[in-house]
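To start, the structure under review is shown below, and the notes come after it.
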Amino acid sequence: MTLKDMNGIQLIRRISSGYWACRLLLTASKYDVFELLEKPMTARAVAGSLSLDSRATEILLDAVTALGFLRKSGNRYRNSRVSSRFLVKGKPYYQGDILMHHAFLYERWSELDEIVKTGRPSRKGRDHSSFIKGMHNIASLRSKEVISLINIDGVRRVMDLGGGPGTYSVEFAKKGLDVTLCDLKETFRISEEIISSCRFRGKVSFLPADFMTDDIGSGYDLVFISQIIHMLGEKDIVRLFRKAGRSLNNGGRIVVQELLVNDRHTGPLQGALFAVNMLVNTGGGRTYSPSEISGFLRKAGYTSVRKTLLQETVLMEARKPAG
């Protein structure tokens with residue numbers, strides 16, 4: 001067997017057992033292991049604090065150490081730098097909420113065999129709180145960069161459509177803009193918790209609405225739609241873009257942020273995999289390439305379409321005709 005063959009076999013094994021590492025991280029986060037291990041502790045002490053089995057806890061902590069999320073000295077474990085910075089509650093770039101959302105997705109993805117057969121998404125429930133807070137975890141990593149790339153000359157009023165936790169709304173507000181955050185009523189309990197401590201809170205107003213069916217107002221200079229259209233089929237995307245256009249002032253702009261995928265839908269890997277996530281979780285969603293999004297915008301009546309590539313996402317900007 002050639003070296004190339006062996007590399008191929010290793011790739012198969014690495015991917016097919018990838019859920020081992022995934023489940024380890026999710027379980028450690030679920031039990032607040034990283035909260036405890038900001039200071040060194042033995043496996044027995046961790047097990048006692050969390051009411052877990054001592055043998056199982058030691059095996060889990062050793063494996064999490066092998067993954068690089070813990071350090072072990074003697075019989076004591078402590079967070080690695082990555083875990084201390086990103087997996088401990090209260091840290092500025094905490095990512096634990098998105099892990100809890102991924103734990104729900106883990107159960108849904110287990111139905112993929114049947115989903116591919118029927119074309120129908122999973123019916124398992126989800127925790128809305130972990131989903132919205134998880135969106136904040138992700139957005140907090142890129143919101144400053146994204147907003148810095150949007151030209152706000154002449155912009156006074158912004159609609160953050162489907163803005164969830166309000167992370168981007170806050171960044172717009174920091175620029176002195178009046179922002180309307182539109183999302184479902186159940187989301188705002190979480191949004192208010194996130195936004196309440198911000199000194200720009202007074203610049204953000206809440207509009208509880210289903211943006212596909214309810215009135216979203218008018219008179220906006222900019223409509224921002226981040227990580228929304230991947231949930232929708234093509235007809236609904238065009239319908240949403242037209243609705244956003246009706247809410248814009250003449251000459252106003254729409255900015256759409258989505259995960260990047262190429263025209264063949266085969267990469268980058270994250271964009272291709274996320275399309276499967278939408279297959280699992282929606283009735284018609286997937287990831288769309290910049291050229292596809294451009295086509296949707298033009299079909300909805302926008303002009304001057306342009307794209308800006310970021311590390312994982314793409315910004316698509318277009319203008320409503322002036323007259």
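We name chains A, B, ... following the order of the structure tokens; residues begin at 1 in each chain, and ligands are numbered from 1 as shown.
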
Within 8 Å of range 124-130 of chain A, counting only C-alpha atoms, which residues qualify if same-chain residues fewer than 3 places away don't, as a PyMOL selection string?
chain A and resi 97-98+100-101+104+107-108+133-134+187+190

Which distance in Å separates CA of Ala275 in chain A and CA of Phe188 in chain A, to one decimal?
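It comes out at 27.3 Å.
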
Contacts of Gly162 in chain A at 7 Å (only C-alpha atoms; same-chain gap of 3+ positions) as a list in words:
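So, after excluding close chain neighbours, the residues are Cys182, Asp183, Ile225 and Ile228 of chain A.
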
Output file for the selection above: all heavy atoms, as a short mmCIF file (atom, residue, chain, number, x, y, z; two decimals), in the first residue's frame:
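Saved result, out-v4.cif, follows:
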```cif
data_model
loop_
_atom_site.label_atom_id
_atom_site.label_comp_id
_atom_site.auth_asym_id
_atom_site.auth_seq_id
_atom_site.Cartn_x
_atom_site.Cartn_y
_atom_site.Cartn_z
N CYS A 182 -35.14 44.41 14.29
CA CYS A 182 -36.38 43.68 14.01
C CYS A 182 -36.15 42.18 14.16
O CYS A 182 -35.27 41.61 13.49
CB CYS A 182 -36.86 43.99 12.59
SG CYS A 182 -38.32 43.05 12.08
N ASP A 183 -36.92 41.57 15.05
CA ASP A 183 -36.86 40.12 15.22
C ASP A 183 -38.11 39.69 15.98
O ASP A 183 -38.95 40.52 16.33
CB ASP A 183 -35.59 39.70 15.98
CG ASP A 183 -35.08 38.34 15.52
OD1 ASP A 183 -35.85 37.37 15.54
OD2 ASP A 183 -33.89 38.25 15.12
N ILE A 225 -28.89 42.82 6.59
CA ILE A 225 -29.44 41.47 6.73
C ILE A 225 -28.27 40.50 6.86
O ILE A 225 -27.61 40.16 5.89
CB ILE A 225 -30.31 41.09 5.51
CG1 ILE A 225 -31.41 42.13 5.28
CG2 ILE A 225 -30.92 39.71 5.70
CD1 ILE A 225 -32.28 41.85 4.05
N ILE A 228 -29.19 35.52 7.38
CA ILE A 228 -30.62 35.25 7.36
C ILE A 228 -31.03 34.45 6.13
O ILE A 228 -31.77 33.46 6.23
CB ILE A 228 -31.44 36.56 7.39
CG1 ILE A 228 -31.24 37.27 8.72
CG2 ILE A 228 -32.91 36.30 7.14
CD1 ILE A 228 -31.77 36.53 9.93
#
```

From the list A:Gln95, A:Ser51, A:Arg253, A:Val276, which residue is nearest Asp153 in chain A when using only C-alpha atoms?
A:Arg253

Within 10 Å of range 232-247 of chain A, counting only C-alpha atoms, which residues show up once you throw out same-chain ones fewer than 6 positions away? Write them as a VMD selection string, please.
chain A and resid 159 161 211 to 213 215 to 225 253 to 254 256 278 282 to 288 292 to 293 295 to 302 319 to 321

For the selection you just gave me, I'd like the residues written to a file as a short mmCIF file (atom, residue, chain, number, x, y, z; two decimals), in the first residue's frame, keeping N, CA and C atoms.
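Printed below is out.cif as written:
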```cif
data_model
loop_
_atom_site.label_atom_id
_atom_site.label_comp_id
_atom_site.auth_asym_id
_atom_site.auth_seq_id
_atom_site.Cartn_x
_atom_site.Cartn_y
_atom_site.Cartn_z
N MET A 159 -32.04 49.67 9.57
CA MET A 159 -32.85 48.51 9.95
C MET A 159 -31.93 47.30 10.03
N LEU A 161 -32.31 43.78 10.17
CA LEU A 161 -33.42 42.86 9.91
C LEU A 161 -33.07 41.44 10.34
N PHE A 211 -40.36 39.16 10.02
CA PHE A 211 -39.98 40.04 8.90
C PHE A 211 -40.49 39.54 7.55
N MET A 212 -40.93 38.29 7.48
CA MET A 212 -41.46 37.79 6.22
C MET A 212 -42.93 38.18 6.03
N THR A 213 -43.67 38.36 7.12
CA THR A 213 -45.12 38.59 7.01
C THR A 213 -45.59 39.91 7.60
N ASP A 215 -45.34 44.09 8.94
CA ASP A 215 -44.82 45.39 8.50
C ASP A 215 -43.50 45.68 9.21
N ILE A 216 -42.51 46.13 8.47
CA ILE A 216 -41.20 46.43 9.08
C ILE A 216 -40.90 47.93 9.06
N GLY A 217 -41.89 48.74 8.70
CA GLY A 217 -41.69 50.18 8.71
C GLY A 217 -41.07 50.68 7.42
N SER A 218 -40.67 51.94 7.44
CA SER A 218 -40.10 52.57 6.24
C SER A 218 -39.21 53.73 6.66
N GLY A 219 -38.59 54.36 5.65
CA GLY A 219 -37.75 55.52 5.92
C GLY A 219 -36.33 55.20 6.32
N TYR A 220 -35.90 53.97 6.04
CA TYR A 220 -34.53 53.59 6.39
C TYR A 220 -33.56 53.99 5.29
N ASP A 221 -32.34 54.32 5.70
CA ASP A 221 -31.27 54.62 4.75
C ASP A 221 -30.44 53.38 4.43
N LEU A 222 -30.49 52.42 5.35
CA LEU A 222 -29.71 51.18 5.19
C LEU A 222 -30.47 50.03 5.83
N VAL A 223 -30.58 48.93 5.10
CA VAL A 223 -31.12 47.69 5.67
C VAL A 223 -29.99 46.68 5.71
N PHE A 224 -29.71 46.17 6.90
CA PHE A 224 -28.64 45.20 7.11
C PHE A 224 -29.27 43.84 7.38
N ILE A 225 -28.89 42.82 6.59
CA ILE A 225 -29.44 41.47 6.73
C ILE A 225 -28.27 40.50 6.86
N ARG A 253 -29.55 51.83 0.73
CA ARG A 253 -28.75 50.65 0.43
C ARG A 253 -29.14 49.45 1.28
N ILE A 254 -28.91 48.27 0.73
CA ILE A 254 -29.07 47.02 1.44
C ILE A 254 -27.70 46.36 1.52
N VAL A 256 -26.00 42.66 2.75
CA VAL A 256 -26.29 41.27 3.12
C VAL A 256 -24.99 40.58 3.48
N MET A 278 -28.37 23.62 6.90
CA MET A 278 -29.67 24.17 6.51
C MET A 278 -30.60 23.08 5.98
N THR A 282 -33.93 23.40 7.95
CA THR A 282 -34.93 24.23 7.27
C THR A 282 -35.57 23.46 6.12
N GLY A 283 -36.70 23.97 5.66
CA GLY A 283 -37.39 23.33 4.55
C GLY A 283 -36.90 23.72 3.18
N GLY A 284 -36.13 24.83 3.09
CA GLY A 284 -35.71 25.27 1.76
C GLY A 284 -34.39 26.01 1.72
N GLY A 285 -33.70 26.10 2.85
CA GLY A 285 -32.48 26.89 2.90
C GLY A 285 -31.24 26.16 2.43
N ARG A 286 -30.18 26.92 2.19
CA ARG A 286 -28.86 26.43 1.83
C ARG A 286 -27.91 27.62 1.82
N THR A 287 -26.64 27.42 1.53
CA THR A 287 -25.74 28.55 1.34
C THR A 287 -25.77 28.98 -0.13
N TYR A 288 -25.55 30.27 -0.35
CA TYR A 288 -25.61 30.85 -1.69
C TYR A 288 -24.32 31.58 -2.01
N GLU A 292 -24.93 34.26 -6.93
CA GLU A 292 -26.35 33.97 -6.73
C GLU A 292 -27.03 35.09 -5.96
N ILE A 293 -26.38 35.56 -4.88
CA ILE A 293 -26.96 36.66 -4.09
C ILE A 293 -27.08 37.91 -4.95
N GLY A 295 -27.59 37.98 -8.12
CA GLY A 295 -28.75 37.77 -8.98
C GLY A 295 -30.06 38.02 -8.27
N PHE A 296 -30.15 37.59 -7.01
CA PHE A 296 -31.37 37.83 -6.22
C PHE A 296 -31.59 39.34 -6.03
N LEU A 297 -30.52 40.05 -5.74
CA LEU A 297 -30.63 41.50 -5.52
C LEU A 297 -31.08 42.22 -6.79
N ARG A 298 -30.51 41.85 -7.92
CA ARG A 298 -30.89 42.48 -9.19
C ARG A 298 -32.34 42.13 -9.54
N LYS A 299 -32.74 40.90 -9.28
CA LYS A 299 -34.11 40.50 -9.56
C LYS A 299 -35.10 41.29 -8.70
N ALA A 300 -34.65 41.66 -7.50
CA ALA A 300 -35.50 42.43 -6.58
C ALA A 300 -35.49 43.92 -6.89
N GLY A 301 -34.72 44.33 -7.91
CA GLY A 301 -34.77 45.73 -8.35
C GLY A 301 -33.62 46.60 -7.92
N TYR A 302 -32.59 46.02 -7.30
CA TYR A 302 -31.45 46.82 -6.84
C TYR A 302 -30.43 46.99 -7.96
N ARG A 319 -27.90 49.06 -4.12
CA ARG A 319 -28.60 50.33 -3.92
C ARG A 319 -29.99 50.28 -4.54
N LYS A 320 -30.94 50.89 -3.82
CA LYS A 320 -32.27 51.10 -4.39
C LYS A 320 -32.21 52.30 -5.33
N PRO A 321 -32.74 52.19 -6.53
CA PRO A 321 -32.68 53.32 -7.47
C PRO A 321 -33.21 54.60 -6.84
#
```

From the DSSP assignment of the backbone, select every residue of range 41-170 of chain A that is alpha helix (DSSP H), and format the answer as a count of residues only.
74
